[in-house]
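Structure data (compact mmCIF, C-alpha atoms) from work-v7.txt:
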# COMPACT_ATOMS: atom_id res chain seq x y z
CA MET A 1 121.19 99.82 94.97
CA ARG A 2 123.71 97.75 96.87
CA ALA A 3 121.32 97.38 99.81
CA LEU A 4 118.45 96.33 97.52
CA TRP A 5 120.67 93.80 95.79
CA ALA A 6 122.00 92.39 99.08
CA GLU A 7 118.50 91.93 100.46
CA HIS A 8 116.73 90.58 97.37
CA ALA A 9 119.45 88.81 95.34
CA PRO A 10 119.01 85.39 96.97
CA ARG A 11 115.31 85.18 96.06
CA VAL A 12 115.71 86.63 92.57
CA ASP A 13 118.68 84.38 91.82
CA ALA A 14 116.80 81.33 93.13
CA VAL A 15 113.86 82.02 90.80
CA VAL A 16 116.21 82.33 87.83
CA ARG A 17 118.11 79.13 88.73
CA ARG A 18 114.87 77.16 89.05
CA LEU A 19 113.72 78.27 85.61
CA VAL A 20 117.05 78.01 83.77
CA HIS A 21 118.63 74.58 83.63
CA ASP A 22 122.24 75.60 83.00
CA PRO A 23 124.06 77.26 85.97
CA ASP A 24 126.23 79.46 83.72
CA GLU A 25 123.22 80.58 81.72
CA ALA A 26 121.33 81.23 84.96
CA ALA A 27 124.14 83.50 86.18
CA ASP A 28 124.01 85.47 82.92
CA VAL A 29 120.24 85.78 83.08
CA ALA A 30 120.34 86.83 86.75
CA GLN A 31 122.82 89.57 85.87
CA ASP A 32 120.51 90.74 83.08
CA VAL A 33 117.58 90.69 85.53
CA TRP A 34 119.43 92.93 87.98
CA ILE A 35 120.39 95.34 85.22
CA GLN A 36 116.71 95.55 84.25
CA ILE A 37 115.64 96.02 87.88
CA PHE A 38 118.07 98.90 88.35
CA ARG A 39 117.06 100.50 85.03
CA ALA A 40 113.37 100.24 85.94
CA LEU A 41 113.86 101.42 89.53
CA PRO A 42 112.61 104.98 88.77
CA THR A 43 109.31 103.47 87.56
CA PHE A 44 108.69 101.56 90.79
CA ARG A 45 105.51 103.17 92.16
CA GLY A 46 105.34 101.36 95.48
CA ASP A 47 101.91 99.83 94.75
CA SER A 48 103.33 96.49 95.84
CA GLN A 49 106.34 95.37 97.83
CA PHE A 50 109.69 95.78 96.14
CA SER A 51 110.28 92.03 96.40
CA THR A 52 107.06 91.31 94.49
CA TRP A 53 107.93 93.84 91.80
CA ALA A 54 111.50 92.49 91.46
CA HIS A 55 110.20 88.89 91.37
CA ARG A 56 107.88 89.74 88.47
CA ILE A 57 110.77 91.34 86.55
CA ALA A 58 112.92 88.27 87.26
CA VAL A 59 110.29 85.85 85.94
CA ASN A 60 109.54 87.95 82.85
CA ARG A 61 113.20 88.54 81.96
CA THR A 62 114.04 84.88 82.52
CA LEU A 63 111.18 83.69 80.31
CA ASN A 64 112.22 86.18 77.63
CA ALA A 65 115.81 84.92 77.78
CA MET A 66 114.59 81.33 77.49
CA ARG A 67 112.45 82.23 74.45
CA ARG A 68 115.39 84.01 72.86
CA ALA A 69 117.67 81.01 73.47
CA ARG A 70 115.04 78.66 72.07
CA ARG A 71 114.68 80.79 68.94
CA LEU A 72 118.44 80.89 68.48
CA THR A 73 118.82 77.13 68.80
CA GLY A 74 115.57 76.33 67.03
CA VAL A 75 114.73 73.79 69.70
CA HIS A 76 111.12 73.38 70.84
CA GLU A 77 110.78 71.02 73.75
CA GLU A 78 107.68 69.23 74.97
CA LEU A 79 106.45 70.25 78.43
CA THR A 80 106.40 67.86 81.47
CA GLU A 81 107.01 67.84 85.48
CA ALA A 82 105.86 66.96 89.24
CA THR A 83 106.21 67.29 93.07
CA ALA A 84 107.45 65.39 96.12
CA MET A 85 107.00 65.96 99.83
CA VAL A 86 109.51 65.04 102.54
CA GLU A 87 109.51 65.71 106.25
CA ASP A 88 112.63 63.94 107.57
CA ASP A 89 115.37 66.51 108.28
CA MET A 90 118.10 63.85 108.10
CA GLU A 91 117.10 63.02 104.53
CA GLN A 92 116.69 66.62 103.26
CA PRO A 93 120.06 67.02 101.46
CA PHE A 94 119.60 63.64 99.75
CA VAL A 95 115.99 64.40 98.87
CA ARG A 96 116.76 67.91 97.65
CA GLU A 97 119.51 66.58 95.37
CA SER A 98 117.25 63.78 94.11
CA ILE A 99 114.48 66.25 93.27
CA THR A 100 116.94 68.58 91.55
CA GLN A 101 118.25 65.69 89.46
CA ALA A 102 114.71 64.65 88.53
CA LEU A 103 113.86 68.23 87.50
CA ASP A 104 117.05 68.37 85.46
CA ARG A 105 115.85 65.34 83.48
CA LEU A 106 112.70 67.16 82.39
CA PRO A 107 112.49 69.25 79.23
CA ARG A 108 113.00 72.98 79.75
CA GLY A 109 109.37 73.88 79.04
CA ALA A 110 108.11 71.32 81.52
CA ARG A 111 110.41 72.61 84.20
CA THR A 112 109.19 76.13 83.46
CA VAL A 113 105.48 75.31 83.86
CA PHE A 114 106.14 73.24 86.97
CA VAL A 115 108.26 75.91 88.66
CA LEU A 116 105.90 78.74 87.75
CA HIS A 117 102.81 76.88 88.97
CA ASP A 118 103.85 74.61 91.82
CA VAL A 119 106.81 76.56 93.19
CA GLU A 120 106.07 80.20 92.39
CA GLY A 121 102.27 79.98 92.60
CA TYR A 122 101.29 81.44 89.22
CA THR A 123 97.87 80.55 87.79
CA HIS A 124 97.49 78.61 84.58
CA GLU A 125 96.16 81.74 82.90
CA GLU A 126 99.25 83.74 83.93
CA ILE A 127 101.54 80.94 82.77
CA ALA A 128 99.69 80.67 79.47
CA SER A 129 100.03 84.38 78.90
CA GLN A 130 103.75 84.37 79.70
CA LEU A 131 104.59 81.30 77.63
CA GLY A 132 102.23 81.93 74.71
CA ILE A 133 100.24 78.73 75.24
CA THR A 134 96.64 78.06 76.30
CA SER A 135 95.70 77.60 79.95
CA GLY A 136 94.52 74.11 79.01
CA GLY A 137 97.96 73.43 77.57
CA SER A 138 99.51 74.61 80.82
CA LYS A 139 97.24 72.30 82.84
CA SER A 140 97.94 69.38 80.56
CA GLN A 141 101.68 69.89 80.69
CA LEU A 142 101.64 70.27 84.47
CA PHE A 143 99.70 66.99 84.78
CA LYS A 144 102.22 65.22 82.53
CA ALA A 145 105.10 66.82 84.41
CA ARG A 146 103.86 65.67 87.79
CA ALA A 147 103.31 62.15 86.47
CA ARG A 148 106.84 62.02 85.07
CA LEU A 149 108.34 63.32 88.29
CA ARG A 150 106.37 60.72 90.26
CA ARG A 151 107.95 58.02 88.10
CA LEU A 152 111.41 59.55 88.43
CA LEU A 153 111.07 59.99 92.19
CA ALA A 154 109.45 56.61 92.94
CA PRO A 155 112.79 55.05 93.96
CA LEU A 156 113.33 57.95 96.36
CA MET A 157 109.91 57.42 97.93
CA ASP A 158 110.62 53.71 98.27
CA HIS A 159 113.92 54.55 99.96
CA LEU A 160 112.25 56.95 102.39
CA THR A 161 109.46 54.54 103.36
CA THR A 162 111.84 51.59 103.89
CA SER A 163 114.66 53.50 105.61
CA THR A 164 114.79 53.95 109.36
CA ARG A 165 112.06 54.53 111.94
CA GLU A 166 112.29 57.10 114.73
CA ASP A 167 114.03 54.61 117.01
CA GLY A 168 116.84 54.20 114.48
CA TYR A 169 115.95 50.66 113.42
CA ALA A 170 115.01 49.68 109.90
CA ALA A 171 111.32 49.83 109.20
CA PRO A 172 109.70 46.50 108.32
CA LEU A 173 108.74 45.98 104.71
CA ALA A 174 104.97 45.91 104.29

The structure in this file should be written as structure tokens.
Amino acid sequence: MRALWAEHAPRVDAVVRRLVHDPDEAADVAQDVWIQIFRALPTFRGDSQFSTWAHRIAVNRTLNAMRRARRLTGVHEELTEATAMVEDDMEQPFVRESITQALDRLPRGARTVFVLHDVEGYTHEEIASQLGITSGGSKSQLFKARARLRRLLAPLMDHLTTSTREDGYAAPLA
């Protein structure tokens, strides 16, 4: 069990953190995920890789925890999110933090659809099934999410296009 945890914990924990906004809550959910993985270990048939099986458990348990928290608080948030692409290694920490901050400003449901679709690669049908919405609702929310993230990340894109060129000098404004 220790070897499985050591090898797969970074990926499982990353999935949970991307779906759950609060770091403390994410740690609690990740612990619950690992408990479930170890309990279900005897049922692992080997039809797929262990990492795929554990990832599915992580996503399902995390979504269940989010539903439970939503029911307890009675809060139903509107869905919304988006993407950004950066190639400059010097800017990566700044860009990563900017994207994280933009994602943090989105409602929980929006972040969930965005992460499941654009980061984890789930289809709209799979997302709809997991979240109890229609696939059209998933598509609509993803569209709105991307649009909102584009607006939130526009200053970042402006910064990246007007920062420095390869020779170290400031790029001219077009």

Practice problem: Could you check how far atom CA of A:Pro93 sits from atom CA of A:Leu63, in Å to one decimal? | Solution: 28.4 Å

Quiz item: By how many Å are atom CA of A:Phe143 and atom CA of A:Tyr122 apart?
Solution: 15.2 Å

Quiz prompt | Nearest-residue call for A:Arg2, choices A:Arg17, A:Leu156, A:Trp34, A:Thr123, using only C-alpha atoms | solution =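 For A:Arg2, the nearest of the given residues is A:Trp34.
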
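One finds atom CA of A:Ala154 at 25.8 Å from atom CA of A:Ala14.
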
Self-check item: Sphere at (107.2, 64.2, 81.4), radius 12 Å, counting all atoms listed in the file: residues as a PyMOL selection string
Solution: chain A and resi 77-82+102-111+113-114+140-152

Quiz item: Skipping near chain neighbours, those fewer than 4 positions away, what residues fall within 12 Å of A:Ala58 using all atoms listed in the file, listed as a VMD selection string?
Solution: chain A and resid 8 to 20 26 29 to 38 51 to 54 62 to 65 116 120

Exercise. Rank nothing, just name the residue among A:Ile57, A:Val95, A:Ala3, A:Ala40 nearest to A:Pro155, using all atoms listed in the file.
Key: A:Val95
